[in-house]
Structure formats: structure tokens, C-alpha cells
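Colleague: The file below is my_file-v1.txt, compact mmCIF, C-alpha atoms:
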```txt
# COMPACT_ATOMS: atom_id res chain seq x y z
CA MET T 1 3.48 -1.35 8.70
CA HIS T 2 2.69 -4.15 6.26
CA ARG T 3 4.40 -4.57 2.92
CA LYS T 4 2.32 -5.23 -0.16
CA LYS T 5 3.14 -8.55 -1.76
CA LEU T 6 4.84 -8.14 -5.09
CA ARG T 7 2.62 -10.41 -7.10
CA ASP T 8 4.58 -10.28 -10.31
CA LYS T 9 7.72 -11.58 -8.71
CA LYS T 10 7.22 -14.89 -10.48
CA ASN T 11 8.84 -13.52 -13.62
CA VAL T 12 12.09 -12.93 -11.82
CA ASP T 13 12.00 -15.95 -9.54
CA ARG T 14 10.86 -18.49 -12.07
CA ALA T 15 13.90 -18.45 -14.33
CA LEU T 16 15.41 -21.93 -14.45
CA TYR T 17 19.00 -22.45 -15.39
CA PRO T 18 19.99 -25.45 -17.54
CA LEU T 19 21.36 -28.56 -15.92
CA TYR T 20 25.12 -28.82 -15.88
CA GLN T 21 26.87 -32.07 -16.63
CA LEU T 22 30.57 -32.69 -17.13
CA GLY T 23 31.61 -31.47 -20.56
CA ASN T 24 28.79 -28.98 -20.99
CA PRO T 25 29.73 -25.48 -22.16
CA GLN T 26 30.24 -22.76 -19.59
CA LEU T 27 26.95 -21.38 -18.33
CA ARG T 28 26.58 -17.71 -19.17
CA ILE T 29 23.87 -15.82 -17.38
CA PHE T 30 22.52 -12.53 -18.64
CA ARG T 31 20.82 -10.25 -16.14
CA PRO T 32 21.39 -12.31 -12.99
CA LYS T 33 18.60 -11.97 -10.49
CA TRP T 34 20.74 -12.68 -7.41
CA SER T 35 21.42 -9.87 -4.99
CA LEU T 36 24.19 -9.91 -2.42
CA THR T 37 24.51 -8.28 0.95
CA LEU T 38 27.89 -7.15 2.22
CA VAL T 39 27.89 -7.67 5.97
CA ARG T 40 30.17 -6.61 8.76
CA PRO T 41 31.98 -9.72 10.04
CA GLY T 42 30.90 -10.88 13.45
CA LYS T 43 34.27 -12.37 14.18
CA GLU T 44 37.55 -10.69 13.33
CA GLN T 45 38.54 -11.51 9.75
CA PRO T 46 41.87 -11.05 7.93
CA PRO T 47 42.16 -7.68 6.14
CA ASP T 48 41.66 -9.11 2.68
CA THR T 49 38.45 -10.97 3.55
CA VAL T 50 35.02 -9.63 2.66
CA GLN T 51 31.93 -11.26 4.07
CA PHE T 52 28.75 -11.58 1.98
CA ARG T 53 25.32 -13.01 2.45
CA ILE T 54 24.31 -14.63 -0.80
CA PRO T 55 21.21 -16.53 -1.94
CA MET T 56 21.23 -20.21 -1.17
CA VAL T 57 21.33 -21.21 -4.82
CA MET T 58 24.53 -19.33 -5.63
CA THR T 59 27.80 -21.22 -5.84
CA LYS T 60 31.40 -20.11 -5.37
CA CYS T 61 31.93 -19.98 -9.13
CA ASP T 62 28.78 -17.93 -9.57
CA LEU T 63 29.89 -15.48 -6.92
CA LYS T 64 33.36 -15.21 -8.38
CA GLY T 65 32.00 -14.42 -11.83
CA TYR T 66 29.44 -12.03 -10.36
CA LEU T 67 31.97 -9.97 -8.45
CA GLU T 68 34.54 -9.96 -11.21
CA LYS T 69 32.21 -9.02 -14.00
CA ILE T 70 29.73 -6.71 -12.30
CA TYR T 71 31.86 -5.07 -9.62
CA ASN T 72 35.29 -5.49 -11.22
CA VAL T 73 36.70 -6.85 -7.98
CA PRO T 74 39.74 -9.18 -8.20
CA VAL T 75 38.63 -12.28 -6.36
CA GLY T 76 40.96 -14.89 -4.94
CA THR T 77 39.44 -17.77 -3.03
CA ILE T 78 35.88 -18.04 -1.78
CA ARG T 79 34.64 -20.17 1.07
CA THR T 80 30.94 -20.61 1.71
CA ARG T 81 28.84 -21.98 4.49
CA ILE T 82 25.13 -22.19 5.11
CA GLN T 83 23.82 -20.48 8.22
CA PHE T 84 20.84 -22.24 9.72
CA GLY T 85 18.10 -19.77 10.70
CA SER T 86 16.65 -20.68 14.07
CA ASN T 87 13.31 -22.44 14.32
CA LYS T 88 13.21 -22.17 18.10
CA LYS T 89 11.29 -18.92 18.69
CA ARG T 90 7.58 -19.16 19.15
CA ASN T 91 4.85 -16.67 18.37
CA HIS T 92 1.75 -15.80 20.42
CA LEU T 93 0.08 -19.00 19.16
CA ASN T 94 2.99 -21.10 20.38
CA GLN T 95 3.87 -21.97 16.79
CA ARG T 96 7.52 -22.15 15.93
CA VAL T 97 8.68 -19.22 13.79
CA LYS T 98 11.48 -19.92 11.35
CA GLN T 99 14.16 -17.33 10.65
CA PRO T 100 15.28 -17.77 7.02
CA ASP T 101 18.45 -19.70 6.23
CA PHE T 102 21.14 -17.92 4.31
CA LYS T 103 24.48 -18.68 2.75
CA VAL T 104 27.56 -16.78 3.92
CA ALA T 105 30.54 -16.35 1.61
CA TYR T 106 34.00 -15.31 2.75
CA VAL T 107 35.72 -13.77 -0.25
CA GLN T 108 39.48 -13.25 -0.19
CA LEU T 109 40.61 -10.53 -2.54
CA ALA T 110 43.46 -11.12 -4.95
CA GLN T 111 46.38 -8.83 -5.82
CA GLY T 112 46.92 -7.83 -2.20
CA HIS T 113 43.81 -5.67 -1.93
CA THR T 114 42.36 -5.00 1.49
CA PHE T 115 38.94 -4.02 2.69
CA THR T 116 37.64 -2.70 5.98
CA PHE T 117 33.95 -2.35 6.59
CA PRO T 118 33.30 1.40 6.86
CA ASP T 119 31.22 3.20 9.47
CA ILE T 120 28.06 3.99 7.53
CA PHE T 121 26.23 5.76 10.37
CA PRO T 122 28.53 8.47 11.62
CA GLU T 123 27.23 11.10 14.02
CA LYS T 124 25.91 14.13 12.21
CA ASP T 125 24.46 17.27 13.84
CA GLY T 126 20.83 17.60 12.98
CA THR T 127 20.82 21.22 11.75
CA PRO T 128 18.97 21.10 8.44
CA ALA T 129 20.02 23.05 5.39
CA GLU T 130 18.99 26.68 4.96
CA GLY T 131 15.58 27.25 3.37
CA SER T 132 14.82 23.55 3.22
CA MET T 133 11.59 21.81 4.14
CA GLU T 134 13.10 20.31 7.28
CA GLU T 135 14.09 23.71 8.59
CA MET T 136 10.59 25.11 7.99
CA GLN T 137 9.05 22.09 9.71
CA GLU T 138 11.29 22.47 12.73
CA LYS T 139 10.50 26.17 12.95
CA PHE T 140 6.79 25.43 12.78
CA ILE T 141 7.05 22.81 15.52
CA GLU T 142 8.98 25.26 17.68
CA ASP T 143 6.35 27.98 17.20
CA GLU T 144 3.58 25.54 18.07
CA LYS T 145 5.37 24.53 21.26
CA GLN T 146 5.87 28.15 22.18
CA ARG T 147 2.14 28.82 21.78
CA GLN T 148 1.17 25.75 23.83
CA LYS T 149 3.33 26.88 26.76
CA SER T 150 1.47 28.54 29.58
CA ASP T 151 2.22 32.02 30.90
CA PRO T 152 5.70 31.95 32.52
CA ARG T 153 4.55 34.49 35.13
CA ARG T 154 2.35 31.78 36.72
CA GLY T 155 5.50 29.98 37.89
CA GLY T 156 4.59 26.48 36.70
CA VAL T 157 1.10 26.47 38.25
CA THR T 158 -1.43 24.73 35.99
CA GLU T 159 -4.52 26.39 34.48
CA TRP T 160 -6.74 24.23 36.70
CA PHE T 161 -6.10 26.64 39.56
CA GLY T 162 -7.01 30.26 39.25
CA LEU T 163 -9.75 32.32 37.72
CA MET M 164 14.83 18.23 -21.79
CA LEU M 165 14.04 15.16 -23.78
CA GLY M 166 17.34 15.87 -25.43
CA SER M 167 19.09 15.44 -22.12
CA VAL M 168 17.52 12.03 -21.66
CA GLY M 169 18.48 11.15 -25.20
CA GLY M 170 21.94 12.45 -24.52
CA PHE M 171 22.12 10.27 -21.46
CA THR M 172 21.36 7.16 -23.47
CA VAL M 173 23.83 8.10 -26.15
CA LYS M 174 26.58 8.70 -23.64
CA MET M 175 26.16 5.22 -22.27
CA ALA M 176 29.08 3.18 -23.46
CA ALA M 177 28.31 0.27 -25.69
CA SER M 178 30.57 -2.05 -23.76
CA SER M 179 28.98 -5.33 -23.00
CA SER M 180 30.72 -6.14 -19.74
CA ALA M 181 28.19 -5.97 -17.03
CA GLY M 182 30.03 -3.81 -14.56
CA ARG M 183 30.53 -0.85 -16.81
CA ALA M 184 27.10 0.78 -16.68
CA LEU M 185 27.82 4.45 -17.24
CA THR M 186 26.06 6.75 -14.81
CA LEU M 187 25.57 10.47 -14.66
CA CYS M 188 28.34 12.79 -13.77
CA LYS M 189 27.77 15.69 -11.47
CA GLN M 190 27.74 18.21 -14.33
CA PHE M 191 24.81 16.43 -15.88
CA GLN M 192 22.93 16.42 -12.59
CA ASN M 193 23.52 20.15 -12.30
CA VAL M 194 22.15 20.70 -15.77
CA LEU M 195 19.02 18.81 -14.90
CA ARG M 196 18.50 20.66 -11.64
CA ILE M 197 18.48 24.02 -13.40
CA SER M 198 15.94 22.98 -16.00
CA THR M 199 12.30 23.73 -15.37
CA ALA M 200 10.59 21.99 -18.27
CA VAL M 201 7.69 19.74 -17.36
CA ASN M 202 9.23 16.77 -19.07
CA ALA M 203 12.33 17.18 -17.01
CA GLN M 204 10.36 16.34 -13.88
CA HIS M 205 9.43 13.02 -15.32
CA CYS M 206 12.91 12.39 -16.65
CA ALA M 207 14.57 13.69 -13.53
CA ALA M 208 12.42 11.43 -11.42
CA ASN M 209 13.98 8.54 -13.21
CA VAL M 210 17.34 10.16 -13.46
CA THR M 211 17.55 10.76 -9.73
CA ARG M 212 17.58 7.02 -9.47
CA TYR M 213 21.12 7.35 -10.66
CA GLN M 214 22.08 10.32 -8.59
CA ASN M 215 23.54 8.03 -5.99
CA HIS M 216 25.83 6.53 -8.52
CA VAL M 217 29.06 8.23 -9.30
CA TYR M 218 30.89 7.76 -12.51
CA ARG M 219 33.52 5.18 -11.87
CA GLY M 220 35.33 2.61 -13.90
CA THR M 221 37.97 2.99 -16.54
CA SER M 222 36.06 2.27 -19.70
CA PRO M 223 37.99 3.58 -22.69
CA LEU M 224 34.84 4.58 -24.56
CA ILE M 225 34.15 7.66 -22.45
CA ALA M 226 33.97 10.99 -24.26
CA PRO M 227 36.82 13.32 -23.27
CA SER M 228 34.47 15.77 -21.52
CA TRP M 229 33.68 13.11 -18.99
CA CYS M 230 37.23 12.14 -18.21
CA SER M 231 37.88 15.15 -16.05
CA SER M 232 34.75 14.78 -13.95
CA PRO M 233 35.88 12.09 -11.49
CA LEU M 234 39.02 14.09 -10.73
CA SER M 235 37.45 17.52 -10.63
CA SER M 236 34.34 16.67 -8.62
CA ALA M 237 36.11 16.36 -5.31
CA GLY M 238 32.87 15.82 -3.46
CA GLN M 239 32.51 12.42 -5.07
CA CYS M 240 35.88 11.16 -3.90
CA ARG M 241 35.66 8.02 -1.87
CA ALA M 242 36.38 8.56 1.77
CA LEU M 243 37.77 5.13 2.43
CA HIS M 244 40.27 5.27 -0.39
CA THR M 245 43.66 3.96 0.54
CA THR M 246 46.39 3.09 -1.90
CA VAL M 247 45.59 -0.59 -2.11
CA SER M 248 41.82 -0.66 -1.39
CA VAL M 249 39.38 -1.74 -4.03
CA ARG M 250 37.05 0.78 -5.65
CA GLY M 251 34.70 -1.93 -6.83
CA LEU M 252 33.50 -2.81 -3.35
CA GLU M 253 32.63 0.83 -2.63
CA GLU M 254 29.65 0.38 -4.90
CA PHE M 255 28.10 -1.63 -2.11
CA PHE M 256 27.79 1.60 -0.18
CA ASP M 257 26.07 4.88 -0.78
CA LEU M 258 27.85 8.14 -1.50
CA PRO M 259 29.83 9.18 1.57
CA GLU M 260 27.83 12.38 1.98
CA ASN M 261 24.69 10.29 2.48
CA TRP M 262 26.18 8.30 5.37
CA GLY M 263 24.46 9.17 8.62
CA GLU M 264 21.58 11.03 6.97
CA SER M 265 18.12 10.29 8.28
CA ARG M 266 16.52 10.64 4.86
CA VAL M 267 17.90 10.21 1.37
CA LYS M 268 15.97 11.59 -1.58
CA SER M 269 15.13 9.24 -4.41
CA GLY M 270 13.00 9.47 -7.50
CA ALA M 271 9.99 7.48 -8.62
CA PRO M 272 10.36 3.85 -9.67
CA TRP M 273 10.52 2.97 -13.35
CA THR M 274 7.14 2.22 -14.90
CA ALA M 275 6.62 -0.51 -17.48
CA LYS M 276 5.30 2.12 -19.90
CA HIS M 277 8.50 4.11 -19.64
CA LEU M 278 10.68 1.03 -19.86
CA ARG M 279 9.01 -0.03 -23.09
CA THR M 280 10.36 3.08 -24.75
CA LYS M 281 13.95 2.08 -24.01
CA SER M 282 16.17 0.00 -26.28
CA ASN M 283 17.44 -3.47 -25.40
CA GLU M 284 20.94 -2.24 -24.64
CA ASP M 285 19.60 0.41 -22.28
CA LEU M 286 17.43 -2.12 -20.50
CA HIS M 287 20.38 -4.47 -20.15
CA LYS M 288 22.47 -1.75 -18.57
CA LEU M 289 19.59 -0.57 -16.42
CA TRP M 290 19.23 -4.07 -15.05
CA TYR M 291 22.74 -3.97 -13.67
CA VAL M 292 22.31 -0.47 -12.34
CA LEU M 293 19.19 -1.55 -10.48
CA LEU M 294 20.92 -4.71 -9.26
CA LYS M 295 23.81 -2.74 -7.84
CA GLU M 296 21.43 -0.29 -6.22
CA LYS M 297 19.54 -3.17 -4.66
CA ASN M 298 22.76 -4.67 -3.32
CA MET M 299 23.72 -1.32 -1.86
CA LEU M 300 20.34 -0.95 -0.15
CA LEU M 301 20.48 -4.49 1.20
CA THR M 302 23.90 -3.88 2.72
CA LEU M 303 22.60 -0.65 4.20
CA GLU M 304 19.58 -2.41 5.66
CA GLN M 305 21.68 -5.15 7.21
CA GLU M 306 24.17 -2.69 8.66
CA ALA M 307 21.34 -0.59 10.08
CA ARG M 308 19.96 -3.68 11.78
CA ARG M 309 23.41 -4.45 13.12
CA GLN M 310 23.94 -0.97 14.51
CA ARG M 311 20.34 -0.83 15.74
CA VAL M 312 19.64 2.32 13.77
CA GLN M 313 16.83 3.14 11.38
CA MET M 314 17.64 2.64 7.74
CA PRO M 315 17.31 5.94 5.84
CA SER M 316 14.47 5.88 3.30
CA PRO M 317 13.58 2.17 3.22
CA GLU M 318 11.06 2.80 0.44
CA ARG M 319 13.99 2.92 -1.99
CA LEU M 320 14.34 -0.84 -1.71
CA ARG M 321 10.74 -1.44 -2.69
CA LYS M 322 11.01 1.02 -5.55
CA VAL M 323 14.03 -0.81 -6.91
CA GLU M 324 12.36 -4.20 -6.54
CA ARG M 325 9.31 -2.97 -8.41
CA SER M 326 11.48 -1.50 -11.16
CA ILE M 327 13.32 -4.80 -11.55
CA ILE M 328 10.06 -6.73 -11.82
CA ARG M 329 8.70 -4.32 -14.42
CA LEU M 330 11.93 -4.52 -16.40
CA GLU M 331 11.66 -8.30 -16.34
CA THR M 332 8.07 -8.17 -17.64
CA VAL M 333 9.05 -5.83 -20.47
CA VAL M 334 11.98 -8.05 -21.46
CA THR M 335 9.84 -11.20 -21.39
CA GLU M 336 7.20 -9.45 -23.49
CA ARG M 337 9.80 -8.63 -26.11
CA GLU M 338 11.22 -12.16 -25.97
CA THR M 339 7.80 -13.79 -26.43
CA ALA M 340 7.04 -11.48 -29.33
CA LEU M 341 10.31 -12.43 -30.99
CA ARG M 342 9.80 -16.10 -30.32
CA LEU M 343 6.27 -16.02 -31.74
CA LEU M 344 7.52 -14.38 -34.89
CA GLN M 345 10.50 -16.69 -35.33
CA THR M 346 9.19 -20.06 -34.22
CA GLY M 347 5.49 -19.71 -33.45
CA GLN M 348 5.97 -20.97 -29.86
CA GLU M 349 4.13 -18.98 -27.18
CA LYS M 350 6.08 -20.30 -24.19
CA ALA M 351 9.82 -20.45 -23.74
CA ARG M 352 9.68 -23.37 -21.33
CA PRO M 353 7.98 -26.50 -22.71
CA GLY M 354 5.09 -27.92 -20.74
CA ASP M 355 1.96 -29.99 -20.91
CA TRP M 356 -1.57 -30.21 -19.50
CA ARG M 357 -1.56 -32.88 -16.81
CA ARG M 358 -3.97 -34.19 -14.22
CA ASN M 359 -2.84 -34.53 -10.63
CA ILE M 360 -4.04 -37.05 -8.02
CA PHE M 361 -6.82 -34.72 -6.94
CA GLY M 362 -8.30 -34.64 -10.41
CA HIS M 363 -7.25 -31.07 -11.15
CA VAL M 364 -5.96 -30.36 -14.64
CA PHE M 365 -3.03 -27.98 -14.59
CA TRP M 366 -0.17 -26.79 -16.80
CA TYR M 367 2.91 -28.77 -15.83
CA ARG M 368 6.15 -27.10 -16.85
CA PHE M 369 8.95 -29.45 -17.82
CA LYS M 370 12.16 -29.55 -15.88
CA GLU M 371 15.55 -30.74 -17.07
CA TYR M 372 16.72 -34.00 -15.51
CA ALA M 373 19.91 -35.99 -15.95
CA CYS M 374 18.08 -39.30 -16.50
CA PRO M 375 14.85 -40.34 -18.26
CA TRP M 376 11.61 -40.22 -16.27
CA TYR M 377 11.22 -43.99 -15.92
CA MET M 378 14.54 -44.11 -14.06
CA ASN M 379 13.65 -41.20 -11.77
CA LYS M 380 12.20 -42.58 -8.54
CA ARG M 381 11.22 -39.19 -7.11
CA TYR M 382 9.41 -38.21 -10.30
CA LYS M 383 7.47 -41.49 -10.41
CA ARG M 384 6.13 -40.80 -6.92
CA LYS M 385 4.37 -37.71 -8.29
CA ARG M 386 1.56 -39.62 -10.04
CA PHE M 387 0.14 -37.55 -12.89
CA TYR M 388 -3.09 -39.53 -13.02
CA THR M 389 -6.26 -39.69 -10.94
CA PRO M 390 -6.90 -43.05 -9.19
CA ASN M 391 -10.38 -44.53 -9.53
CA PHE M 392 -11.35 -44.06 -5.88
CA VAL M 393 -11.10 -40.27 -6.38
CA GLN M 394 -14.01 -40.27 -8.88
CA PRO M 395 -16.79 -39.91 -6.27
CA HIS M 396 -14.95 -36.96 -4.72
CA LEU M 397 -14.62 -35.35 -8.15
CA ARG M 398 -18.34 -35.73 -8.68
CA LEU M 399 -19.08 -34.16 -5.30
CA ARG M 400 -16.76 -31.28 -6.15
CA ILE M 401 -18.53 -30.71 -9.48
CA GLU M 402 -21.91 -30.77 -7.74
CA LYS M 403 -20.74 -28.27 -5.17
CA TYR M 404 -19.46 -25.95 -7.89
CA LEU M 405 -22.75 -26.17 -9.83
CA ARG M 406 -24.77 -25.57 -6.68
CA GLU M 407 -22.76 -22.47 -5.86
CA ARG M 408 -23.13 -21.13 -9.36
CA ALA M 409 -26.90 -21.73 -9.35
CA LYS M 410 -27.19 -20.07 -5.94
CA LYS M 411 -25.37 -16.99 -7.15
CA ALA M 412 -27.55 -16.71 -10.26
CA ASN M 413 -30.72 -17.13 -8.20
CA LEU M 414 -29.63 -14.54 -5.69
CA GLU M 415 -28.90 -12.10 -8.47
CA LYS M 416 -32.33 -12.68 -10.05
CA LYS M 417 -34.12 -12.26 -6.71
CA THR M 418 -32.36 -9.00 -5.86
CA GLN M 419 -33.16 -7.61 -9.31
CA ALA M 420 -36.84 -8.63 -8.93
CA LYS M 421 -37.06 -6.98 -5.51
CA LEU M 422 -35.49 -3.76 -6.73
CA ARG M 423 -37.80 -3.64 -9.76
CA GLU M 424 -40.77 -4.12 -7.43
CA LYS M 425 -39.65 -1.22 -5.27
CA PHE M 426 -38.49 1.04 -8.08
CA PRO M 427 -40.60 0.11 -11.14
CA GLN M 428 -38.97 2.76 -13.32
CA MET M 429 -35.46 1.40 -12.66
CA LYS M 430 -33.39 0.51 -15.71
CA ILE M 431 -32.12 -3.08 -15.87
CA SER M 432 -28.54 -3.18 -14.63
CA SER M 433 -26.27 -4.91 -17.10
CA SER M 434 -23.84 -6.81 -14.88
```
Written as C-alpha cells, how would this file's structure read?
Modeller:
Amino acid sequence: MHRKKLRDKKNVDRALYPLYQLGNPQLRIFRPKWSLTLVRPGKEQPPDTVQFRIPMVMTKCDLKGYLEKIYNVPVGTIRTRIQFGSNKKRNHLNQRVKQPDFKVAYVQLAQGHTFTFPDIFPEKDGTPAEGSMEEMQEKFIEDEKQRQKSDPRRGGVTEWFGL
Amino acid sequence: MLGSVGGFTVKMAASSSAGRALTLCKQFQNVLRISTAVNAQHCAANVTRYQNHVYRGTSPLIAPSWCSSPLSSAGQCRALHTTVSVRGLEEFFDLPENWGESRVKSGAPWTAKHLRTKSNEDLHKLWYVLLKEKNMLLTLEQEARRQRVQMPSPERLRKVERSIIRLETVVTERETALRLLQTGQEKARPGDWRRNIFGHVFWYRFKEYACPWYMNKRYKRKRFYTPNFVQPHLRLRIEKYLRERAKKANLEKKTQAKLREKFPQMKISSS
């Protein structure tokens, strides 16, 4: 399943932020284009630590402002590192395929808050709601299967044999 | 039902802090579900974008009728709420009743036409709503990959991305219009027509540097001029282009002549 390229992305990606030099006023960004991903930590982290994947161009200060202003989360310290995406795998043409690099941020929450990554995919029984489309579809599939089944009095013998 | 959409925009708090985008309460969603007007379908398609968002936050500008909703609508209570946990980070996840579902319903993406009808404040708030939704979907996608489970309704992510792009185009349109009126400049970022080493003329957009260009070694390596030994190649390229153009014109003429020979009563195609 191929995804159509979003050709007009240049509007969002092309925004340049002004250069910062010592003494410049604080940079204020309206409508930030950066999106974060909250990830489950691979290694055990302290209870107040939240792990994010952030775009490479974001800094600790940016992330702090982002979380405080947009999500109203009290942020303590932030530590970042850049994860190198492997360039080792090869495709069917023996060309090396690069997995993208990403920046990981470990955010420690202030004011004694804690966070545990929840279980987002709990087991749910698949009975669909009454009168819904899913229920009708399942019923239809069941009826079709019933019709396809051969006569049970034949005892599992295929239609190839017989009259 | 246009009134309900208008009411939605009015109810949005005028606070400027980015994280306070007001979203629909459950009562409002119920009202919309009952309605059967044609317009409501269109509005609801956009409004269901917000149906994943629960009213949260403690903005003081809420009308009193809304204050009771987060307490009364027990279904919207956060499952992972402990005494000291942070409600802000829950916005990275979907509503708890959608966890574990195989499919989550979502409305149509915002169109540029519809976005142009909205005011600047609404667009500003919508930007943050879409951003938060995108973050939520990205976390969901990553977690699904981690748990080796299919992400429910991945088309939501593409819808949100498209909406963000369209919002950006609408905002830039408005900004260019304003800039043209105020200063007469078409482009926000200054630039210039320059020639690169291959002889192509292109629009070079200026970038901000900390030192002047004659002190910038990396910039001087770029060479915005065509050396003399490239001239023959330029000429060859021009000849190739002219040859192709002539070929196309000839082909067109020949096909037209053939068709007219076969079908003499054919009208001349204007293409």
C-alpha cells in the first residue's frame, strides 16, 4: 500500500527560524510545526521520566517550552541524545537502506509528578455493538459460510464422489 | 445547525496560551448526533475531528454550563489518573474507551475552502488541536509497532497531515495578502535570481548568517556564476531543447494532417 506524496509539504517544512546570537531577544514561535512521539522506554526509567522522540532540529529549550505551553506539563530537566538509524541493512539490489536518525529526549517532570506508560492495546472481546455495521457484516459472513458448507449427512465426503 | 458551529467558535476561549484549545464537551456531541440537517453532516464531519478530545484544562473563561461537564461525564474520566499523575501527558493518548479498538471513527479532513471561512483566532487554535492530534497518532503508531499490533485507523494520520498543510496554505495566503497591502512585497523571505555553475537561472532564497558572505568559506564554494568552459554545454542544451520542441510541433502537425486526410469533415482540434 503506497502513500501519496504530500506535495504541498514545502509550506510547513520551509519555515526558517532567525539566527540566534548572544543578546538577541527570546525566540517566540507561533504555530510550531514539530510533532513529538511519546515512546515506551526500552530500558527501565525512573518514575518521573518520560521518553520522547523529537525532530532532530528541536533543542532542550524548545522542548521545554513546547511541553509547558502546549501540554501544560511541569518540566524539570531534559536530556537529549541522537539515535543513529542503521545503514547496515541491504535491499534486493544490495544497496544499503538507511533507517532515519531521530533525537530522543528524556524529560524529568517537576513538582514530583510521575508517569507510567499505559497499556494502549488491552484485550477486548470482539462482539460488535447491537445493530451496527460490524454485526451485520459478521452475520452475513456467517450465513455465507453456512451456505458454502456441504451436506452434513455426507459425513465429510467431498462432492467429487457420488452422483 | 450552522448555529451550532457558530456556537462552537464562540465558546472557544480567547486565551492566547497555546495549550488551552477548547474542545467539545459530550453534551455538544450529543446535540450534534441528534440533528439531521444536511449542513450538520458537513459540520459534524469536521466536528468529529474533535470528538476524541475531551474538555480538559482549567481556563477561567469557560461558561458555567461547561464547568460541570468534566465532572458529570464519567465516561471521559482518565483511567490512569492517580493523585500525583499529570493530566497534560494524557493528551498524548486517545480516549480510554478507544484503547484496544480495531477501528476508530474519524471525520473528513479540513478542506482549504472550509478553512478560509474561519477567523485567524480559530485557525490558530485549530493548529494546536491538529498538532496534538498528530502527536497522539504518532505515539499510537509507535506503540503499535512496539507491541506488534495493527494501528487502528491509520488514515487519521494522513487526514491530520493534510489538514495541517491546508491550514498552512490558508495562513500564508492571508499573510501574503496583508504584506502586499502593507509593504508591496510579494515574498516574505528575500531572495534573488542567480545562475548556478550549470548555467541554470534559479530563485535563490537568502539565508541568515552570522558573518558577511566574503568571510564565509562554505558559501564561497557555492559559485553563483557559470565558468566559461560550460558555454559549449549550454549551447548543446539549448539546441537539444529547440530540437525537441520542433519535433513535438512537427509530430502534432503530421497527426492533424493524417486525421484530416482520413476524416475530411473533421473540425480542427484547438489544442
Colleague: For chain T, which residues have at least one atom within 10 Å of chain M, if we go by all atoms listed in the file? Write them as number ranges by chain, please.
Modeller: T: 3-4, 6-13, 15-21, 30-40, 42, 48, 50, 52-53, 66-74, 109, 111-126
Colleague: Atom CA of T:Ser86 to atom CA of T:Phe102: how many Å, to one decimal?
Modeller: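 Interatomic distance, atom CA of T:Ser86 to atom CA of T:Phe102: 11.1 Å.
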Colleague: To one decimal place, how far is atom CA of T:Gln83 from atom CA of T:Tyr106 in Å?
Modeller: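 That distance, rounded to one decimal, is 12.7 Å.
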Colleague: Enter the distance from atom CA of M:Leu293 to atom CA of M:Pro272, in Å, rounded to one decimal.
Modeller: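 Distance between the two atoms: 10.4 Å.
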Colleague: Of the candidates T:Gly155, T:Gly162, T:Pro55, T:Pro47, which one gets nearest to T:Ala105 if we count only C-alpha atoms?
Modeller: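 Residue with the minimum atom-to-atom distance to T:Ala105: T:Pro55.
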Colleague: With distances taken over all atoms listed in the file, which residue among M:Arg398, M:Lys276, M:Lys430, M:Lys416 lies nearest M:Val333?
Modeller: M:Lys276
